Amino acid sequence: MGAWGVGNFDNDSAGDWTYALVESSDLSVIESAINAVFEDDYIDSDIGSEALAAIDTLARVKGHFGKKDSYTESVDKWVSKNSIEPSKELIEKAVKAANAILGEESELNELWGETEDLDAWKSEVEAVIERISA
């Protein structure tokens with residue numbers, strides 16, 4: 001896991017996903033990342049990381065920004081350029097995906113469970129669930 005922090009954009013997978021996002025002008029990249037969570041019974045860490053970045057971006061689209069830093073700069077610029085209203089169904093799917101990533105069939109949950117940062121990571125995911133649900 002190429003992570004340097006517990007934030008949703010504090011890892012290599014989220015950074016790579018961001019490149020695809022900034023090349024788009026709709027929610028398709030976000031929706032694809034969220035849908036990928038449900039493609040297998042076990043959620044790979046890269047898929048989970050991309051989905052959390054997508055969910056965080058979706059919360060930002062709704063106006064509920066989290067931490068802003070150099071890792072979110074391109075995402076925040078994309079959000080300001082693309083005024084898009086996400087569907088209720090996509091929001092509900094995002095919440096379901098985030099909860100699945102917190103679950104037992106998630107490599108991210110497993111990997112963070114091997115560190116002393118598990119509670120901080122879970123708090124970050126729970127915070128994005130709150131922001132997207134607001």
# chains A, B, ... in the order shown; residues from 1 in each chain; ligands from 1

$ select_by_dssp --residues "chain A" --states "helix (DSSP H, G or I)" --output "number ranges by chain"
A: 12-22, 28-36, 45-61, 73-81, 88-101, 107-113, 118-133

$ closest_atom_pairs --of "stretch 23-97 of chain A" --to "stretch 106-124 of chain A" --cutoff "7 Å" --atoms "only C-alpha atoms" --output "CSV"
residue,atom,partner,partner_atom,distance
A:Tyr42,CA,A:Ser106,CA,5.8
A:Ile43,CA,A:Ser106,CA,4.6
A:Asp44,CA,A:Glu107,CA,5.4
A:Ser45,CA,A:Leu108,CA,4.8
A:Gly48,CA,A:Leu108,CA,6.6

$ closest_residue --among "A:Ser80, A:Ser24, A:Asn8, A:Ser133" --to "A:Glu92" --atoms "only C-alpha atoms"
A:Ser133

$ residues_around --residues "A:Leu27" --least-positions-apart "2" --cutoff "12 Å" --atoms "only C-alpha atoms" --output "list in words"
Ala20, Leu21, Val22, Glu23, Ser24, Ser25, Val29, Ile30, Glu31, Ser32, Ala33, Ile34, Ala54, Ile55, Thr57, Leu58, Val61, Trp78, Val79, Asn82, Ser83, Ile84, Glu85, Pro86, Ser87, Leu90 and Ile91 of chain A

$ write_last_selection --atoms "N, CA and C atoms" --output "mmCIF file, in the first residue's frame"
data_model
loop_
_atom_site.group_PDB
_atom_site.id
_atom_site.type_symbol
_atom_site.label_atom_id
_atom_site.label_comp_id
_atom_site.auth_asym_id
_atom_site.auth_seq_id
_atom_site.Cartn_x
_atom_site.Cartn_y
_atom_site.Cartn_z
ATOM 1 N N ALA A 20 -7.149 10.521 -14.187
ATOM 2 C CA ALA A 20 -8.298 10.187 -15.034
ATOM 3 C C ALA A 20 -9.440 11.165 -14.799
ATOM 4 N N LEU A 21 -9.652 11.545 -13.550
ATOM 5 C CA LEU A 21 -10.729 12.479 -13.230
ATOM 6 C C LEU A 21 -10.550 13.802 -13.963
ATOM 7 N N VAL A 22 -9.373 14.382 -13.898
ATOM 8 C CA VAL A 22 -9.178 15.721 -14.467
ATOM 9 C C VAL A 22 -9.284 15.724 -15.987
ATOM 10 N N GLU A 23 -9.211 14.561 -16.617
ATOM 11 C CA GLU A 23 -9.397 14.467 -18.070
ATOM 12 C C GLU A 23 -10.876 14.347 -18.442
ATOM 13 N N SER A 24 -11.741 14.209 -17.450
ATOM 14 C CA SER A 24 -13.173 14.028 -17.708
ATOM 15 C C SER A 24 -13.930 15.328 -17.446
ATOM 16 N N SER A 25 -15.194 15.328 -17.853
ATOM 17 C CA SER A 25 -16.037 16.498 -17.598
ATOM 18 C C SER A 25 -17.413 16.088 -17.086
ATOM 19 N N VAL A 29 -16.095 8.869 -14.393
ATOM 20 C CA VAL A 29 -14.904 8.327 -13.742
ATOM 21 C C VAL A 29 -15.198 8.048 -12.265
ATOM 22 N N ILE A 30 -15.966 8.917 -11.657
ATOM 23 C CA ILE A 30 -16.371 8.731 -10.257
ATOM 24 C C ILE A 30 -17.256 7.497 -10.140
ATOM 25 N N GLU A 31 -18.250 7.415 -11.010
ATOM 26 C CA GLU A 31 -19.182 6.288 -10.957
ATOM 27 C C GLU A 31 -18.470 4.963 -11.211
ATOM 28 N N SER A 32 -17.534 4.931 -12.140
ATOM 29 C CA SER A 32 -16.781 3.703 -12.431
ATOM 30 C C SER A 32 -15.982 3.235 -11.221
ATOM 31 N N ALA A 33 -15.345 4.177 -10.532
ATOM 32 C CA ALA A 33 -14.555 3.813 -9.348
ATOM 33 C C ALA A 33 -15.442 3.268 -8.240
ATOM 34 N N ILE A 34 -16.604 3.841 -8.081
ATOM 35 C CA ILE A 34 -17.536 3.363 -7.051
ATOM 36 C C ILE A 34 -18.087 1.989 -7.439
ATOM 37 N N ALA A 54 -12.939 8.813 -5.157
ATOM 38 C CA ALA A 54 -14.135 9.174 -5.921
ATOM 39 C C ALA A 54 -15.256 9.643 -5.005
ATOM 40 N N ILE A 55 -15.442 8.950 -3.896
ATOM 41 C CA ILE A 55 -16.490 9.312 -2.940
ATOM 42 C C ILE A 55 -16.187 10.673 -2.336
ATOM 43 N N THR A 57 -14.450 13.023 -3.749
ATOM 44 C CA THR A 57 -14.689 13.991 -4.822
ATOM 45 C C THR A 57 -16.177 14.272 -4.965
ATOM 46 N N LEU A 58 -16.994 13.248 -4.873
ATOM 47 C CA LEU A 58 -18.434 13.411 -4.957
ATOM 48 C C LEU A 58 -18.959 14.293 -3.823
ATOM 49 N N VAL A 61 -18.215 17.730 -4.831
ATOM 50 C CA VAL A 61 -19.166 18.175 -5.849
ATOM 51 C C VAL A 61 -20.436 18.699 -5.177
ATOM 52 N N TRP A 78 -11.039 20.722 -10.539
ATOM 53 C CA TRP A 78 -12.010 20.020 -11.372
ATOM 54 C C TRP A 78 -13.421 20.280 -10.875
ATOM 55 N N VAL A 79 -13.615 20.217 -9.565
ATOM 56 C CA VAL A 79 -14.935 20.456 -8.981
ATOM 57 C C VAL A 79 -15.410 21.869 -9.312
ATOM 58 N N ASN A 82 -16.578 22.021 -12.995
ATOM 59 C CA ASN A 82 -17.651 21.122 -13.413
ATOM 60 C C ASN A 82 -18.795 21.141 -12.409
ATOM 61 N N SER A 83 -19.768 21.944 -12.684
ATOM 62 C CA SER A 83 -20.942 22.043 -11.819
ATOM 63 C C SER A 83 -21.938 20.953 -12.237
ATOM 64 N N ILE A 84 -21.910 19.854 -11.488
ATOM 65 C CA ILE A 84 -22.718 18.683 -11.825
ATOM 66 C C ILE A 84 -23.503 18.256 -10.592
ATOM 67 N N GLU A 85 -24.766 17.971 -10.780
ATOM 68 C CA GLU A 85 -25.592 17.496 -9.664
ATOM 69 C C GLU A 85 -25.647 15.973 -9.693
ATOM 70 N N PRO A 86 -25.047 15.305 -8.699
ATOM 71 C CA PRO A 86 -25.085 13.833 -8.673
ATOM 72 C C PRO A 86 -26.477 13.327 -8.327
ATOM 73 N N SER A 87 -26.818 12.174 -8.873
ATOM 74 C CA SER A 87 -28.127 11.578 -8.592
ATOM 75 C C SER A 87 -28.165 11.028 -7.170
ATOM 76 N N LEU A 90 -26.567 7.595 -7.078
ATOM 77 C CA LEU A 90 -25.106 7.570 -7.013
ATOM 78 C C LEU A 90 -24.629 7.868 -5.597
ATOM 79 N N ILE A 91 -25.261 8.798 -4.923
ATOM 80 C CA ILE A 91 -24.901 9.113 -3.533
ATOM 81 C C ILE A 91 -25.124 7.888 -2.650
#

$ closest_residue --among "A:Ala14, A:Ala36, A:Ala3, A:Leu102" --to "A:Glu126" --atoms "only C-alpha atoms"
A:Leu102

$ atom_distance --atom1 "atom CA of A:Tyr71" --atom2 "atom CA of A:Asp10"
7.0 Å

$ closest_residue --among "A:Ser70, A:Thr18, A:Ser13, A:Ala97" --to "A:Val128" --atoms "only C-alpha atoms"
A:Ala97

$ closest_residue --among "A:Ala51, A:Ala59, A:Val37, A:Val75" --to "A:Ala127" --atoms "only C-alpha atoms"
A:Ala59

$ decode --residues "stretch 74-103 of chain A" --atoms "N, CA, C and O atoms" --output "mmCIF file, in the first residue's frame"
data_model
loop_
_atom_site.group_PDB
_atom_site.id
_atom_site.type_symbol
_atom_site.label_atom_id
_atom_site.label_comp_id
_atom_site.auth_asym_id
_atom_site.auth_seq_id
_atom_site.Cartn_x
_atom_site.Cartn_y
_atom_site.Cartn_z
ATOM 1 N N SER A 74 -5.834 19.434 -7.675
ATOM 2 C CA SER A 74 -6.381 19.208 -9.018
ATOM 3 C C SER A 74 -7.847 18.769 -8.941
ATOM 4 O O SER A 74 -8.655 19.130 -9.806
ATOM 5 N N VAL A 75 -8.204 18.020 -7.916
ATOM 6 C CA VAL A 75 -9.595 17.608 -7.716
ATOM 7 C C VAL A 75 -10.454 18.836 -7.431
ATOM 8 O O VAL A 75 -11.534 19.001 -8.016
ATOM 9 N N ASP A 76 -9.981 19.705 -6.559
ATOM 10 C CA ASP A 76 -10.744 20.905 -6.214
ATOM 11 C C ASP A 76 -10.920 21.822 -7.427
ATOM 12 O O ASP A 76 -11.988 22.423 -7.605
ATOM 13 N N LYS A 77 -9.906 21.907 -8.278
ATOM 14 C CA LYS A 77 -10.035 22.699 -9.513
ATOM 15 C C LYS A 77 -11.067 22.062 -10.438
ATOM 16 O O LYS A 77 -11.874 22.752 -11.050
ATOM 17 N N TRP A 78 -11.039 20.722 -10.539
ATOM 18 C CA TRP A 78 -12.010 20.020 -11.372
ATOM 19 C C TRP A 78 -13.421 20.280 -10.875
ATOM 20 O O TRP A 78 -14.330 20.554 -11.673
ATOM 21 N N VAL A 79 -13.615 20.217 -9.565
ATOM 22 C CA VAL A 79 -14.935 20.456 -8.981
ATOM 23 C C VAL A 79 -15.410 21.869 -9.312
ATOM 24 O O VAL A 79 -16.573 22.063 -9.689
ATOM 25 N N SER A 80 -14.530 22.842 -9.207
ATOM 26 C CA SER A 80 -14.942 24.233 -9.474
ATOM 27 C C SER A 80 -15.280 24.451 -10.951
ATOM 28 O O SER A 80 -16.102 25.307 -11.277
ATOM 29 N N LYS A 81 -14.685 23.676 -11.857
ATOM 30 C CA LYS A 81 -14.953 23.801 -13.293
ATOM 31 C C LYS A 81 -16.186 23.032 -13.740
ATOM 32 O O LYS A 81 -16.765 23.338 -14.777
ATOM 33 N N ASN A 82 -16.578 22.021 -12.995
ATOM 34 C CA ASN A 82 -17.651 21.122 -13.413
ATOM 35 C C ASN A 82 -18.795 21.141 -12.409
ATOM 36 O O ASN A 82 -18.766 20.426 -11.420
ATOM 37 N N SER A 83 -19.768 21.944 -12.684
ATOM 38 C CA SER A 83 -20.942 22.043 -11.819
ATOM 39 C C SER A 83 -21.938 20.953 -12.237
ATOM 40 O O SER A 83 -22.663 21.103 -13.214
ATOM 41 N N ILE A 84 -21.910 19.854 -11.488
ATOM 42 C CA ILE A 84 -22.718 18.683 -11.825
ATOM 43 C C ILE A 84 -23.503 18.256 -10.592
ATOM 44 O O ILE A 84 -22.946 18.180 -9.494
ATOM 45 N N GLU A 85 -24.766 17.971 -10.780
ATOM 46 C CA GLU A 85 -25.592 17.496 -9.664
ATOM 47 C C GLU A 85 -25.647 15.973 -9.693
ATOM 48 O O GLU A 85 -26.201 15.381 -10.616
ATOM 49 N N PRO A 86 -25.047 15.305 -8.699
ATOM 50 C CA PRO A 86 -25.085 13.833 -8.673
ATOM 51 C C PRO A 86 -26.477 13.327 -8.327
ATOM 52 O O PRO A 86 -27.218 13.968 -7.583
ATOM 53 N N SER A 87 -26.818 12.174 -8.873
ATOM 54 C CA SER A 87 -28.127 11.578 -8.592
ATOM 55 C C SER A 87 -28.165 11.028 -7.170
ATOM 56 O O SER A 87 -27.128 10.700 -6.581
ATOM 57 N N LYS A 88 -29.364 10.910 -6.665
ATOM 58 C CA LYS A 88 -29.570 10.323 -5.341
ATOM 59 C C LYS A 88 -29.054 8.882 -5.324
ATOM 60 O O LYS A 88 -28.467 8.437 -4.347
ATOM 61 N N GLU A 89 -29.248 8.163 -6.428
ATOM 62 C CA GLU A 89 -28.804 6.772 -6.529
ATOM 63 C C GLU A 89 -27.283 6.670 -6.430
ATOM 64 O O GLU A 89 -26.765 5.760 -5.776
ATOM 65 N N LEU A 90 -26.567 7.595 -7.078
ATOM 66 C CA LEU A 90 -25.106 7.570 -7.013
ATOM 67 C C LEU A 90 -24.629 7.868 -5.597
ATOM 68 O O LEU A 90 -23.691 7.231 -5.112
ATOM 69 N N ILE A 91 -25.261 8.798 -4.923
ATOM 70 C CA ILE A 91 -24.901 9.113 -3.533
ATOM 71 C C ILE A 91 -25.124 7.888 -2.650
ATOM 72 O O ILE A 91 -24.273 7.526 -1.832
ATOM 73 N N GLU A 92 -26.261 7.230 -2.818
ATOM 74 C CA GLU A 92 -26.558 6.036 -2.019
ATOM 75 C C GLU A 92 -25.549 4.924 -2.298
ATOM 76 O O GLU A 92 -25.101 4.236 -1.379
ATOM 77 N N LYS A 93 -25.169 4.756 -3.566
ATOM 78 C CA LYS A 93 -24.184 3.735 -3.930
ATOM 79 C C LYS A 93 -22.820 4.078 -3.328
ATOM 80 O O LYS A 93 -22.088 3.199 -2.885
ATOM 81 N N ALA A 94 -22.486 5.367 -3.284
ATOM 82 C CA ALA A 94 -21.213 5.806 -2.707
ATOM 83 C C ALA A 94 -21.155 5.484 -1.219
ATOM 84 O O ALA A 94 -20.130 5.010 -0.713
ATOM 85 N N VAL A 95 -22.240 5.720 -0.515
ATOM 86 C CA VAL A 95 -22.294 5.410 0.924
ATOM 87 C C VAL A 95 -22.156 3.900 1.133
ATOM 88 O O VAL A 95 -21.392 3.446 1.994
ATOM 89 N N LYS A 96 -22.848 3.128 0.314
ATOM 90 C CA LYS A 96 -22.762 1.671 0.407
ATOM 91 C C LYS A 96 -21.335 1.193 0.129
ATOM 92 O O LYS A 96 -20.817 0.309 0.812
ATOM 93 N N ALA A 97 -20.681 1.795 -0.861
ATOM 94 C CA ALA A 97 -19.301 1.423 -1.191
ATOM 95 C C ALA A 97 -18.352 1.749 -0.043
ATOM 96 O O ALA A 97 -17.491 0.937 0.313
ATOM 97 N N ALA A 98 -18.488 2.928 0.536
ATOM 98 C CA ALA A 98 -17.615 3.309 1.650
ATOM 99 C C ALA A 98 -17.791 2.362 2.830
ATOM 100 O O ALA A 98 -16.811 1.950 3.454
ATOM 101 N N ASN A 99 -19.031 1.994 3.109
ATOM 102 C CA ASN A 99 -19.276 1.046 4.198
ATOM 103 C C ASN A 99 -18.686 -0.328 3.882
ATOM 104 O O ASN A 99 -18.156 -0.999 4.767
ATOM 105 N N ALA A 100 -18.745 -0.738 2.613
ATOM 106 C CA ALA A 100 -18.143 -2.012 2.220
ATOM 107 C C ALA A 100 -16.622 -1.967 2.400
ATOM 108 O O ALA A 100 -16.015 -2.952 2.832
ATOM 109 N N ILE A 101 -16.016 -0.839 2.092
ATOM 110 C CA ILE A 101 -14.565 -0.687 2.247
ATOM 111 C C ILE A 101 -14.162 -0.767 3.716
ATOM 112 O O ILE A 101 -13.083 -1.244 4.051
ATOM 113 N N LEU A 102 -15.048 -0.352 4.591
ATOM 114 C CA LEU A 102 -14.799 -0.476 6.033
ATOM 115 C C LEU A 102 -15.019 -1.904 6.533
ATOM 116 O O LEU A 102 -14.644 -2.233 7.652
ATOM 117 N N GLY A 103 -15.607 -2.755 5.707
ATOM 118 C CA GLY A 103 -15.987 -4.098 6.124
ATOM 119 C C GLY A 103 -14.858 -5.112 6.089
ATOM 120 O O GLY A 103 -13.717 -4.822 5.725
#
